[in-house]
Structures are given as C-alpha cells and as structure tokens.
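Coordinates from final-v5.cif are shown below (mmCIF, C-alpha atoms).
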data_input
loop_
_atom_site.label_atom_id
_atom_site.label_comp_id
_atom_site.auth_asym_id
_atom_site.auth_seq_id
_atom_site.Cartn_x
_atom_site.Cartn_y
_atom_site.Cartn_z
CA MET A 1435 0.00 0.00 0.00
CA GLN A 1436 1.23 3.51 -0.86
CA ARG A 1437 0.15 6.67 0.95
CA PHE A 1438 0.33 10.26 -0.33
CA GLU A 1439 -0.39 13.57 1.40
CA ARG A 1440 -0.54 17.26 0.45
CA GLN A 1441 -1.32 20.66 1.95
CA ARG A 1442 -3.58 22.87 -0.14
CA ALA A 1443 -5.43 26.04 0.86
CA GLY A 1444 -5.06 25.16 4.53
CA ALA A 1445 -6.46 21.65 4.00
CA HIS A 1446 -4.45 18.52 4.76
CA GLU A 1447 -5.43 15.74 2.31
CA PHE A 1448 -4.37 12.14 1.89
CA ALA A 1449 -4.68 9.41 -0.74
CA THR A 1450 -3.86 5.72 -0.52
CA VAL A 1451 -3.73 2.94 -3.10
CA CYS A 1452 -3.50 -0.74 -2.26
CA VAL A 1453 -3.32 -3.78 -4.56
CA VAL A 1454 -4.84 -7.06 -3.31
CA GLY A 1455 -4.81 -9.75 -5.97
CA ASP A 1456 -6.54 -8.42 -9.06
CA VAL A 1457 -8.32 -5.60 -7.19
CA CYS A 1458 -7.06 -2.09 -6.56
CA LEU A 1459 -8.37 -0.23 -3.50
CA VAL A 1460 -8.23 3.57 -3.57
CA ARG A 1461 -9.05 5.94 -0.69
CA ARG A 1462 -8.93 9.76 -0.63
CA GLY A 1463 -10.07 12.41 1.82
CA ALA A 1464 -9.20 14.85 4.58
CA HIS A 1465 -6.35 13.87 6.85
CA GLY A 1466 -7.63 12.16 10.02
CA GLY A 1467 -10.89 11.02 8.44
CA GLN A 1468 -12.07 7.83 6.77
CA GLY A 1469 -12.17 9.34 3.28
CA ALA A 1470 -14.00 8.10 0.20
CA SER A 1471 -13.24 4.59 -1.03
CA GLU A 1472 -13.11 3.24 -4.56
CA VAL A 1473 -12.78 -0.37 -5.72
CA GLU A 1474 -11.24 -1.02 -9.13
CA PRO A 1475 -11.49 -4.66 -10.33
CA CYS A 1476 -8.81 -5.51 -12.90
CA ALA A 1477 -8.24 -8.36 -15.32
CA SER A 1478 -5.11 -9.55 -13.51
CA GLU A 1479 -2.77 -8.68 -10.67
CA ARG A 1480 -0.38 -7.12 -13.20
CA ASP A 1481 -3.15 -4.83 -14.44
CA ALA A 1482 -3.99 -3.87 -10.85
CA GLN A 1483 -0.35 -2.96 -10.21
CA ALA A 1484 -0.32 -0.86 -13.41
CA PHE A 1485 -3.52 0.92 -12.32
CA ALA A 1486 -1.97 1.70 -8.92
CA GLN A 1487 1.17 3.11 -10.56
CA THR A 1488 -0.96 5.31 -12.81
CA ARG A 1489 -2.88 6.69 -9.83
CA ALA A 1490 0.32 7.29 -7.89
CA ARG A 1491 1.81 9.21 -10.81
CA GLN A 1492 -1.35 11.34 -11.14
CA TRP A 1493 -1.28 12.25 -7.45
CA LEU A 1494 2.38 13.25 -7.62
CA GLU A 1495 1.53 15.53 -10.55
CA GLN A 1496 -1.27 17.06 -8.44
CA GLY A 1497 1.12 18.05 -5.68
CA TYR A 1498 0.90 15.01 -3.39
CA GLN A 1499 4.04 13.62 -1.79
CA GLU A 1500 4.51 9.97 -0.91
CA VAL A 1501 4.94 9.35 2.81
CA ARG A 1502 5.94 6.33 4.85
CA VAL A 1503 3.92 5.91 8.02
CA VAL A 1504 6.26 3.21 9.31
CA PRO A 1505 9.98 3.67 8.65
CA SER A 1506 11.82 0.81 6.99
CA SER A 1507 14.09 -1.23 9.21
CA ASP A 1508 17.10 -0.04 7.21
CA THR A 1509 16.42 3.64 7.93
CA GLN A 1510 15.17 3.91 11.52
CA PRO A 1511 14.57 1.42 14.33
CA PHE A 1512 10.99 0.25 14.84
CA ASP A 1513 9.17 2.38 17.43
CA PRO A 1514 6.94 0.05 19.53
CA SER A 1515 5.37 2.98 21.40
CA HIS A 1516 3.57 4.09 18.22
CA LYS A 1517 2.09 0.64 17.71
CA GLN A 1518 1.08 0.37 21.37
CA ALA A 1519 -0.63 3.77 21.28
CA ILE A 1520 -2.79 2.80 18.29
CA GLU A 1521 -3.62 -0.59 19.81
CA ARG A 1522 -4.70 1.07 23.07
CA GLU A 1523 -7.11 3.23 21.09
CA LEU A 1524 -8.49 0.15 19.32
CA ALA A 1525 -8.82 -1.72 22.60
CA ALA A 1526 -10.79 1.18 24.04
CA ASP A 1527 -13.11 1.38 21.02
CA PRO A 1528 -12.79 -1.52 18.54
CA ARG A 1529 -15.75 -0.16 16.52
CA ASN A 1530 -13.92 3.02 15.49
CA VAL A 1531 -13.30 2.64 11.74
CA ASP A 1532 -11.02 5.67 11.61
CA THR A 1533 -8.64 4.08 14.12
CA TRP A 1534 -8.62 0.87 12.10
CA LEU A 1535 -7.62 2.86 9.03
CA VAL A 1536 -4.73 4.43 10.95
CA TYR A 1537 -3.74 0.95 12.12
CA ALA A 1538 -3.84 -0.34 8.53
CA ASP A 1539 -1.55 2.50 7.46
CA PHE A 1540 0.82 1.64 10.29
CA LEU A 1541 0.87 -2.10 9.52
CA GLN A 1542 1.76 -1.61 5.87
CA GLY A 1543 5.45 -1.53 6.81
CA VAL A 1544 5.24 -4.22 9.49
CA MET A 1545 2.66 -6.77 8.37
CA PRO A 1546 1.41 -5.90 4.86
CA SER A 1547 -1.01 -8.83 4.57
CA SER A 1548 -2.84 -7.73 7.74
CA SER A 1549 -2.94 -4.13 6.49
CA GLU A 1550 -4.47 -5.29 3.21
CA ARG A 1551 -7.08 -7.37 5.05
CA ILE A 1552 -8.23 -4.41 7.15
CA MET A 1553 -8.54 -2.23 4.06
CA LEU A 1554 -10.43 -4.92 2.16
CA GLU A 1555 -13.14 -5.24 4.79
CA ILE A 1556 -13.52 -1.51 5.31
CA VAL A 1557 -13.90 -0.95 1.57
CA ARG A 1558 -16.30 -3.88 1.29
CA ASP A 1559 -18.52 -2.54 4.08
CA ALA A 1560 -18.57 0.92 2.49
CA SER A 1561 -19.39 -0.40 -1.00
CA PRO A 1562 -22.91 -0.66 -2.48
CA PRO A 1563 -24.49 -4.12 -1.93
CA ALA A 1564 -24.30 -4.94 -5.64
CA THR A 1565 -20.49 -4.72 -5.62
CA ARG A 1566 -19.79 -6.58 -2.37
CA HIS A 1567 -19.84 -10.15 -3.69
CA PRO A 1568 -16.43 -10.03 -5.44
CA LEU A 1569 -14.97 -8.34 -2.37
CA ASP A 1570 -16.40 -11.10 -0.15
CA GLN A 1571 -14.67 -13.66 -2.35
CA LEU A 1572 -11.44 -11.70 -2.20
CA CYS A 1573 -11.64 -11.57 1.62
CA ARG A 1574 -12.11 -15.34 1.80
CA ARG A 1575 -9.18 -15.99 -0.53
CA HIS A 1576 -7.04 -13.63 1.49
CA ASP A 1577 -8.02 -15.41 4.74
CA ARG A 1578 -7.24 -18.86 3.36
CA ARG A 1579 -3.82 -17.65 2.34
CA HIS A 1580 -2.80 -15.75 5.47
CA ARG A 1581 -5.04 -16.52 8.48
CA ARG A 1582 -3.09 -19.44 9.95
CA ALA A 1583 0.06 -17.31 9.91
CA TRP A 1584 -1.73 -14.43 11.65
CA VAL A 1585 -3.10 -16.48 14.55
CA GLY A 1586 0.21 -18.04 15.59
CA ALA A 1587 1.34 -21.63 16.03
CA SER A 1588 -0.82 -22.67 19.01
CA LEU A 1589 -4.15 -21.43 17.65
CA GLY A 1590 -3.08 -22.36 14.12
CA ARG A 1591 -3.11 -26.03 15.15
CA LEU A 1592 -6.83 -25.67 15.90
CA ILE A 1593 -7.65 -24.23 12.44
CA ASP A 1594 -7.30 -26.33 9.30
CA LYS A 1595 -6.20 -25.10 5.88
CA ARG A 1596 -9.81 -24.41 4.87
CA GLY A 1597 -10.29 -22.18 7.91
CA LYS A 1598 -12.46 -24.64 9.85
CA THR A 1599 -11.88 -24.62 13.61
CA ALA A 1600 -11.54 -27.68 15.82
CA PRO A 1601 -14.62 -29.01 17.70
CA GLY A 1602 -15.31 -26.85 20.74
CA LEU A 1603 -13.99 -23.62 19.21
CA GLU A 1604 -16.08 -21.10 17.29
CA LEU A 1605 -14.68 -17.77 16.05
CA ASP A 1606 -16.14 -14.64 14.48
CA TRP A 1607 -13.73 -12.33 12.67
CA ARG A 1608 -13.51 -8.60 12.03
CA TYR A 1609 -10.80 -6.91 9.95
CA GLY A 1610 -8.77 -10.12 10.07
CA PHE A 1611 -8.81 -10.23 13.88
CA ILE A 1612 -10.97 -12.32 16.21
CA ALA A 1613 -14.00 -10.34 17.37
CA ARG A 1614 -15.90 -13.09 19.25
CA GLY A 1615 -14.71 -16.42 20.60
CA ARG A 1616 -16.72 -19.36 21.95
CA VAL A 1617 -14.98 -22.19 23.80
CA LEU A 1618 -17.41 -25.06 24.31
CA GLY A 1619 -17.00 -28.15 26.47
CA ARG A 1620 -17.95 -31.69 25.62
CA SER A 1621 -21.55 -32.47 24.78
CA LEU A 1622 -23.49 -35.67 24.29
CA GLU A 1623 -24.45 -34.63 20.75
CA GLY A 1624 -21.06 -33.40 19.55
CA PRO A 1625 -17.82 -35.23 18.74
CA LEU A 1626 -16.33 -37.20 21.61
CA GLU A 1627 -12.80 -36.20 20.65
CA ARG A 1628 -12.12 -32.52 21.16
CA PRO A 1629 -9.28 -30.48 22.66
CA ASP A 1630 -9.35 -29.77 26.39
CA LEU A 1631 -11.05 -26.53 27.43
CA ASP A 1632 -7.92 -25.07 29.00
CA VAL A 1633 -5.79 -25.91 25.97
CA VAL A 1634 -8.23 -24.15 23.63
CA MET A 1635 -8.53 -21.12 25.91
CA ALA A 1636 -4.75 -20.78 26.24
CA ALA A 1637 -4.34 -20.92 22.46
CA LEU A 1638 -7.13 -18.39 21.89
CA LEU A 1639 -6.04 -15.80 24.45
CA GLY A 1640 -2.37 -16.27 23.55
CA SER A 1641 -2.95 -15.41 19.89
CA ALA A 1642 -2.11 -11.93 18.62
CA ALA A 1643 -5.25 -12.17 16.48
CA ALA A 1644 -7.37 -12.07 19.69
CA ARG A 1645 -5.94 -8.81 21.00
CA PHE A 1646 -9.13 -6.89 20.10
CA MET A 1647 -11.63 -9.63 20.97
CA THR A 1648 -14.72 -8.10 22.60
CA SER A 1649 -16.87 -11.17 23.35
CA LEU A 1650 -15.98 -14.48 24.99
CA THR A 1651 -18.20 -17.47 25.82
CA LEU A 1652 -16.93 -20.33 27.98
CA THR A 1653 -19.29 -23.28 28.41
CA ALA A 1654 -18.17 -26.24 30.51
CA GLY A 1655 -20.67 -28.79 29.21
CA ASN A 1656 -19.57 -32.26 30.32
CA SER A 1657 -15.88 -31.42 30.44
CA PRO A 1658 -14.02 -32.15 33.70
CA ARG A 1659 -14.20 -29.50 36.39
CA GLU A 1660 -10.46 -28.91 36.46
CA GLN A 1661 -10.42 -28.07 32.76
CA PHE A 1662 -13.01 -25.35 33.33
CA ARG A 1663 -11.10 -23.94 36.29
CA ARG A 1664 -7.85 -23.80 34.34
CA ALA A 1665 -9.59 -22.29 31.30
CA LEU A 1666 -11.05 -19.56 33.51
CA ALA A 1667 -7.63 -18.92 35.04
CA HIS A 1668 -6.24 -18.12 31.57
CA VAL A 1669 -8.60 -15.12 31.42
CA VAL A 1670 -6.87 -13.74 34.52
CA THR A 1671 -3.28 -14.47 33.49
CA ALA A 1672 -3.48 -13.63 29.77
CA GLU A 1673 -1.00 -11.01 28.54
CA PRO A 1674 -2.02 -8.66 27.17
CA ARG A 1675 -5.35 -8.65 29.00
CA PRO A 1676 -8.40 -9.32 26.83
CA THR A 1677 -10.38 -6.19 25.87
CA LEU A 1678 -13.71 -7.91 26.52
CA THR A 1679 -16.99 -6.06 26.81
CA HIS A 1680 -19.11 -9.25 26.88
CA LEU A 1681 -18.45 -12.38 28.96
CA LYS A 1682 -20.70 -15.44 29.10
CA LEU A 1683 -19.93 -18.29 31.52
CA SER A 1684 -21.91 -21.49 31.83
CA SER A 1685 -20.78 -24.23 34.19
CA ARG A 1686 -21.93 -26.96 36.54
CA GLU A 1687 -19.10 -25.98 38.85
CA VAL A 1688 -19.73 -26.03 42.58
CA ARG A 1689 -16.76 -23.75 43.30
CA VAL A 1690 -16.10 -20.94 40.83
CA ASP A 1691 -14.04 -17.97 42.01
CA LEU A 1692 -15.40 -15.07 39.97
CA GLY A 1693 -13.53 -12.34 41.81
CA PRO A 1694 -10.19 -12.48 39.91
CA VAL A 1695 -11.97 -12.97 36.59
CA LEU A 1696 -14.19 -9.91 36.95
CA ALA A 1697 -11.30 -7.86 38.35
CA ALA A 1698 -9.32 -8.65 35.18
CA LEU A 1699 -12.12 -7.36 32.94
CA PRO A 1700 -13.07 -3.85 34.13
CA GLY A 1701 -14.49 -2.92 30.72
CA LEU A 1702 -17.33 -5.45 30.79
CA GLU A 1703 -20.65 -4.02 29.64
CA ARG A 1704 -22.53 -7.31 29.47
CA LEU A 1705 -22.20 -10.29 31.80
CA GLU A 1706 -24.04 -13.61 31.57
CA LEU A 1707 -23.62 -16.23 34.30
CA SER A 1708 -25.37 -19.58 34.26
CA THR A 1709 -24.80 -22.51 36.59
CA TRP A 1710 -26.56 -25.53 38.01
CA PRO A 1711 -25.81 -28.02 40.78
CA ALA A 1712 -23.15 -30.56 39.88
CA GLU A 1713 -24.75 -33.16 42.14
CA PRO A 1714 -28.09 -33.57 43.92
CA GLY A 1715 -28.40 -31.20 46.83
CA ALA A 1716 -25.30 -29.16 45.97
CA GLU A 1717 -25.70 -25.40 45.65
CA PRO A 1718 -23.71 -23.54 42.98
CA SER A 1719 -21.35 -20.92 44.31
CA LEU A 1720 -22.46 -18.34 41.76
CA VAL A 1721 -24.27 -16.63 44.62
CA ASP A 1722 -21.31 -16.52 46.99
CA GLY A 1723 -19.82 -13.03 47.07
CA LEU A 1724 -21.44 -12.00 43.79
CA GLY A 1725 -22.56 -8.64 45.14
CA GLU A 1726 -19.06 -7.79 46.32
CA HIS A 1727 -17.50 -8.78 42.97
CA LEU A 1728 -19.98 -6.71 40.97
CA ASN A 1729 -19.56 -3.72 43.26
CA ARG A 1730 -15.79 -3.71 43.04
CA ASN A 1731 -15.08 -4.41 39.43
CA LEU A 1732 -17.83 -3.62 36.92
CA ALA A 1733 -18.45 0.10 36.75
CA LYS A 1734 -19.47 -0.08 33.07
CA LEU A 1735 -21.90 -3.00 33.40
CA GLU A 1736 -25.26 -2.39 31.71
CA HIS A 1737 -26.60 -5.82 30.81
CA LEU A 1738 -26.71 -8.61 33.42
CA VAL A 1739 -28.10 -12.12 32.87
CA LEU A 1740 -28.15 -14.61 35.76
CA ARG A 1741 -29.41 -18.19 35.94
CA ALA A 1742 -28.95 -20.44 38.97
CA PRO A 1743 -31.78 -22.93 39.58
CA GLY A 1744 -33.13 -22.71 43.11
CA GLN A 1745 -31.03 -19.66 43.96
CA GLY A 1746 -33.12 -16.81 42.52
CA ASP A 1747 -33.96 -15.07 45.79
CA ALA A 1748 -30.34 -15.28 46.97
CA LEU A 1749 -29.17 -13.89 43.61
CA ILE A 1750 -31.43 -10.88 44.01
CA HIS A 1751 -30.18 -10.32 47.56
CA GLU A 1752 -26.54 -10.37 46.39
CA LEU A 1753 -27.32 -8.16 43.40
CA LEU A 1754 -28.93 -5.49 45.57
CA ARG A 1755 -25.85 -5.48 47.81
CA SER A 1756 -23.75 -4.36 44.87
CA GLY A 1757 -23.45 -0.85 43.52
CA CYS A 1758 -23.94 -1.89 39.91
CA VAL A 1759 -27.75 -1.82 39.80
CA ALA A 1760 -27.88 1.95 39.27
CA GLY A 1761 -26.26 1.60 35.83
CA LEU A 1762 -28.13 -1.49 34.63
CA THR A 1763 -30.38 -1.14 31.58
CA HIS A 1764 -31.17 -4.88 31.21
CA LEU A 1765 -31.61 -7.43 34.00
CA SER A 1766 -32.56 -11.06 33.46
CA ILE A 1767 -32.92 -13.69 36.21
CA THR A 1768 -34.66 -16.67 34.63
CA SER A 1769 -35.29 -20.31 35.61
CA SER A 1770 -33.93 -19.66 39.09
CA ARG A 1771 -37.03 -20.12 41.28
CA VAL A 1772 -37.48 -16.47 42.15
CA THR A 1773 -40.40 -16.28 44.63
CA HIS A 1774 -42.30 -13.50 46.34
CA VAL A 1775 -39.29 -13.07 48.67
CA GLY A 1776 -37.02 -11.98 45.83
CA VAL A 1777 -39.71 -9.93 44.11
CA GLU A 1778 -40.42 -8.09 47.36
CA GLN A 1779 -36.74 -7.14 47.55
CA LEU A 1780 -36.80 -5.83 43.95
CA VAL A 1781 -39.94 -3.81 44.59
CA GLY A 1782 -38.48 -2.35 47.78
CA HIS A 1783 -35.29 -1.26 45.99
CA ALA A 1784 -36.86 -0.16 42.70
CA GLY A 1785 -35.56 3.36 43.26
CA SER A 1786 -31.98 2.10 43.04
CA PHE A 1787 -32.44 1.10 39.39
CA ASP A 1788 -31.92 4.49 37.74
CA THR A 1789 -31.69 3.36 34.12
CA LEU A 1790 -33.49 -0.01 33.92
CA GLU A 1791 -35.28 -0.54 30.60
CA GLN A 1792 -35.98 -4.29 30.58
CA LEU A 1793 -36.59 -6.76 33.39
CA ASP A 1794 -36.93 -10.47 32.58
CA LEU A 1795 -38.08 -12.86 35.33
CA ARG A 1796 -39.48 -15.66 33.20
CA ASP A 1797 -39.69 -19.28 34.38
CA ASN A 1798 -39.88 -18.37 38.06
CA GLU A 1799 -42.50 -18.78 40.79
CA ILE A 1800 -44.16 -15.38 40.67
CA THR A 1801 -47.87 -14.91 41.36
CA LYS A 1802 -50.14 -12.39 39.67
CA GLU A 1803 -50.15 -10.22 42.77
CA TRP A 1804 -46.39 -9.82 42.71
CA ALA A 1805 -46.25 -9.45 38.94
CA ASP A 1806 -48.61 -6.50 39.29
CA ALA A 1807 -46.37 -5.09 42.04
CA LEU A 1808 -43.35 -5.34 39.71
CA ALA A 1809 -45.23 -3.52 36.96
CA ARG A 1810 -46.09 -0.67 39.35
CA ALA A 1811 -42.58 -0.50 40.82
CA PHE A 1812 -40.88 -0.30 37.39
CA PRO A 1813 -43.27 1.81 35.29
CA GLY A 1814 -40.54 2.86 32.86
CA ALA A 1815 -39.24 -0.66 32.17
CA ARG A 1816 -40.50 -3.55 30.08
CA VAL A 1817 -41.32 -6.28 32.59
CA ASN A 1818 -41.71 -9.89 31.52
CA ALA A 1819 -42.72 -12.19 34.40
CA GLU A 1820 -44.18 -15.61 33.65
CA LEU A 1821 -46.84 -16.25 36.25
CA PHE A 1822 -47.84 -19.23 38.36
CA ASN A 1823 -51.14 -19.50 40.17
CA TYR A 1824 -51.34 -20.51 43.79
CA ASP A 1825 -51.62 -24.21 42.85
CA GLY A 1826 -48.18 -24.02 41.25
CA LYS A 1827 -49.53 -24.37 37.70
CA ARG A 1828 -48.09 -22.26 34.96
CA VAL A 1829 -50.42 -19.65 33.48
CA LYS A 1830 -50.05 -17.17 30.67
CA GLY A 1831 -47.71 -14.25 31.38
CA LEU A 1832 -49.43 -11.07 32.52
CA ARG A 1833 -47.20 -8.73 30.55
CA ALA A 1834 -46.21 -10.40 27.30
CA LEU A 1835 -44.12 -7.56 25.97
CA ALA A 1836 -41.77 -9.54 23.73
CA ASP A 1837 -42.42 -10.76 20.20
CA ASP A 1838 -39.90 -13.57 20.58
CA ASP A 1839 -37.65 -15.23 23.11
CA ASP A 1840 -34.62 -13.10 22.21
CA TRP A 1841 -35.96 -9.70 23.17
CA MET A 1842 -33.48 -9.40 26.03
CA PHE A 1843 -30.52 -9.75 23.69
CA ARG A 1844 -31.19 -7.20 20.96
#
Now that the file is in, can you turn its structure into structure tokens?
Amino acid sequence: MQRFERQRAGAHEFATVCVVGDVCLVRRGAHGGQGASEVEPCASERDAQAFAQTRARQWLEQGYQEVRVVPSSDTQPFDPSHKQAIERELAADPRNVDTWLVYADFLQGVMPSSSERIMLEIVRDASPPATRHPLDQLCRRHDRRHRRAWVGASLGRLIDKRGKTAPGLELDWRYGFIARGRVLGRSLEGPLERPDLDVVMAALLGSAAARFMTSLTLTAGNSPREQFRRALAHVVTAEPRPTLTHLKLSSREVRVDLGPVLAALPGLERLELSTWPAEPGAEPSLVDGLGEHLNRNLAKLEHLVLRAPGQGDALIHELLRSGCVAGLTHLSITSSRVTHVGVEQLVGHAGSFDTLEQLDLRDNEITKEWADALARAFPGARVNAELFNYDGKRVKGLRALADDDDWMFR
C-alpha cells in the first residue's frame, strides 16, 4: 500500500492505493478522516499494479508527496510505542473505523497482509451491496492464504487449511482479527474427541489475532471440572489482558471464584452467568460473594443475565448489595425459582435502578399479585414475568411484551 499527502489552501489531504490480488483499492479524503473509497477490479494482478502506478503518478503531478507511516528497518529502528498507542485506542473502542484505518496505514510496513485485510473489509462494508460479492470472495481468498500465519502456532493447530476450527472452538472475525470467541466443552451430541477446554482457551487468548476480541463465551458442558477452572484462570493471566466487553460463563461448577476474573475485565458491559448443581443437593457458588465482585469491578456493566436454579432469591439479595444496579439497563434472572421473597426485595429497591429498561423474570414462581407489584414499581421498564397460580400451575404471562424469546438480547 502507498500513501500520499498534500497541503492545499489550509487543507491537509491524503490518498492511498492498495493492490490485493486483481483488485485495486483507492481511498482519498481529509487527513484524520475515513475518506472516500473506490474499488477497481482488474483483469489480472499485473493490471492492478499498473492501475496503482498510474494513480500514484497522477497524485504526484497534483502536488501530493509519498509518505511512509512506518519507517523501513534499514532507515530507523521500529518504534513500539507508536504501535502500542494505536492498539490502546483500538482496545478502548474496537468499533472506530477511523482508528482501524490508521492501524492499517501503520501495519503496511510491518505486516502488509494484515494491512491489506483491514482495508479490504472496510472498503467492502462501504461499497454498495451490488459490488460486495467479489470483495467477499477476495476476503475469503485472502483469509485462506494468510489466516493461519496471523493467529500463531498454538491457535493455528486448531484451524485447518480451509479455515475450519476444531470441535469446541467457534470464532467470528472482524478486519482479520478475532471479534468473538466461543470455547465449548464436551456435549453428548457433539464429537467425543475434542481439545481440552484449558488448551483451547490458552491458544485463543495467547494469539495476537485475539488482542481486540470483545466477546468471549466459555461453556463447561460435560468437560471435567479442572479443565473449566484452568480455562477460567487463563482469562486472569493472559498477557495482554483481553479487551472484553461481553463475557458469558456457563458451568456446573460447585466452586467458581469469579472475583479475579471480573477484576481482570473492568471494561465489561454485558455479563451472563449460568450454573446448576453438579450433584443432587449441591448449591452452585455463583451466589457466593457475587454482590461484592460486581460492586468492586464492573463500573461499566449495563446488561446482566443470571441463571442459577433454586437460587433466585439469593441472587437478588446479592445483586442489591452491589453498587452496579444503578447503571443497569437490562436485568434477566430466569429459571432460578425467584419467589415473592425476591420480588419483594426488587420492589423495595426499585428506586436504586436508575436506568433499567428491561426486566426479565421468566420461568420463576411469581404470582399475579407480585407481577402487578413489579409492573407498578418499574413503570418505565419492560417487565416480563411468567406467572404461576397458587396451585403451582403455569399460566399465561401477565405482561407479554416480547415478540420472541430473544428480546433481552437485541
């Protein structure tokens, strides 16, 4: 990729041209902005290179000067502080396209294939729908050629040459980096042979491609308890720390220490915790100290989903002990046997929920009387409480405010 800049009438302008296969990507605009993008399909890679040279020559004639964002190794030593500064900005806001463009410019002298991949996806997203199909194909070809090298040796062993991940690992990608990761334990329906949870988690969090990952799901399934514990420990010890805003944990663990995990992820905006007894009569430790952990570590938390069968009232008690309820916009405590005891606590502390928009208490033991009390206590929120009559039989929900079962997760 080549970059050109010029000063004209007080305006600072830039232009870039990048060749990826038989496609030439052109971008022009005001310095510091995203600029306007143009995609030029060519008959061959040689034609694309010729087109890029023609554009570069035209810009030089118009007063642009070619610049190098990253000095070559034979001119100046590599400055890691520049790279770290850009990556901190991306970690703080991975959705900022302008910062990704700056990062692509920076990577052109360090990792050209990654720079090209970022540019490809940005141009594809900005293109009209009718022109996106060839760019989609180009992105896939680019990934097949370079992805295993990007992710590193450990994670590369869990991805085959076609880009398919090993059983128990699911990945979503953005700009050539991992945006969402799901590490899933053994299941009765899935393959019996799959990598251990802790091995997969170590490979995922140790990959440079996961440095901007915003969402992580860890589900224990039928995997051994120690594997889940060790996998969770990798979240705490990973370097650099994951930039997660969404964490989902599901486990049959009896002893799960959430404190260090939540302390390691201060940027969490959405937290989902689901557990169930590992043996008859055992109570999951999801409740133990939850209020203290939430109060200490999650100042940005807006969306909280909890599920612990038989522990609903205790969950509510712990939640109200924390200081996080004031910032919550979504709260879901389902299938946890919330009774009138827990509902009475919610109603009594309704004033603490300053920003609550949706409250989901489905699949609990809530009578019509208490459902009405919830509706009065939270007049500004959408309340969904599935009701039971006094004989313990399920009846139709009083306030059916959702069109489908996923209304809490939009």
Evaluate the PyMOL selection byres ((chain A and resi 1451) around 8) here and jot the selected residues down as a VMD selection string. chain A and resid 1435 to 1437 1449 to 1450 1452 to 1453 1458 to 1461 1486 1489 to 1490
So the first atom is CA of Val1501 in chain A and the second is CA of Trp1584 in chain A; what is the distance between them in Å, to one decimal place?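 It comes out at 26.2 Å.
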Taking into account all atoms listed in the file, which residue in the set A:Ala1698, A:Leu1678, A:Ala1587, A:Ala1742 is nearest to Ala1613 in chain A?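 Between A:Ala1698, A:Leu1678, A:Ala1587, A:Ala1742, the residue approaching Ala1613 in chain A most closely is A:Leu1678.
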Nearest to Phe1812 in chain A by atom-to-atom distance, counting all atoms listed in the file, from A:Pro1563, A:Gly1597, A:Gly1782, A:Gly1444: A:Gly1782
Got a sec: who's within 7 Å of range 1635-1640 of chain A, counting only C-alpha atoms, leaving out chain neighbours fewer than 2 positions off, as a short mmCIF file (atom, residue, chain, number, x, y, z; two decimals) with C-alpha atoms, in the frame of the given file?
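Full text of around_19.cif as output:
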data_model
loop_
_atom_site.label_atom_id
_atom_site.label_comp_id
_atom_site.auth_asym_id
_atom_site.auth_seq_id
_atom_site.Cartn_x
_atom_site.Cartn_y
_atom_site.Cartn_z
CA SER A 1588 -0.82 -22.67 19.01
CA LEU A 1589 -4.15 -21.43 17.65
CA VAL A 1617 -14.98 -22.19 23.80
CA LEU A 1631 -11.05 -26.53 27.43
CA ASP A 1632 -7.92 -25.07 29.00
CA VAL A 1633 -5.79 -25.91 25.97
CA ALA A 1642 -2.11 -11.93 18.62
CA ALA A 1644 -7.37 -12.07 19.69
CA ALA A 1665 -9.59 -22.29 31.30
CA HIS A 1668 -6.24 -18.12 31.57
CA ALA A 1672 -3.48 -13.63 29.77
#
Quick one: apply the PyMOL selection byres ((chain A and resi 1785-1789) around 8) to the file and drop the selected residues here as a ChimeraX atom specification. /A:1759-1763,1782-1784,1790-1791
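Of the residues listed (A:Ala1600, A:Gly1655, A:Arg1608, A:Glu1474), A:Ala1600 shows the shortest atom-to-atom separation from Arg1628 in chain A; distances use only C-alpha atoms.
Closest approach to Ala1811 in chain A among A:Val1781, A:Lys1598, A:Pro1475, A:Ala1464 is made by A:Val1781 (distances from only C-alpha atoms).
Of note, CA of Pro1629 in chain A and CA of Gly1602 in chain A are spaced 7.3 Å apart.
A straight line drawn from CA of Thr1648 in chain A to CA of Asn1818 in chain A is 28.5 Å long.
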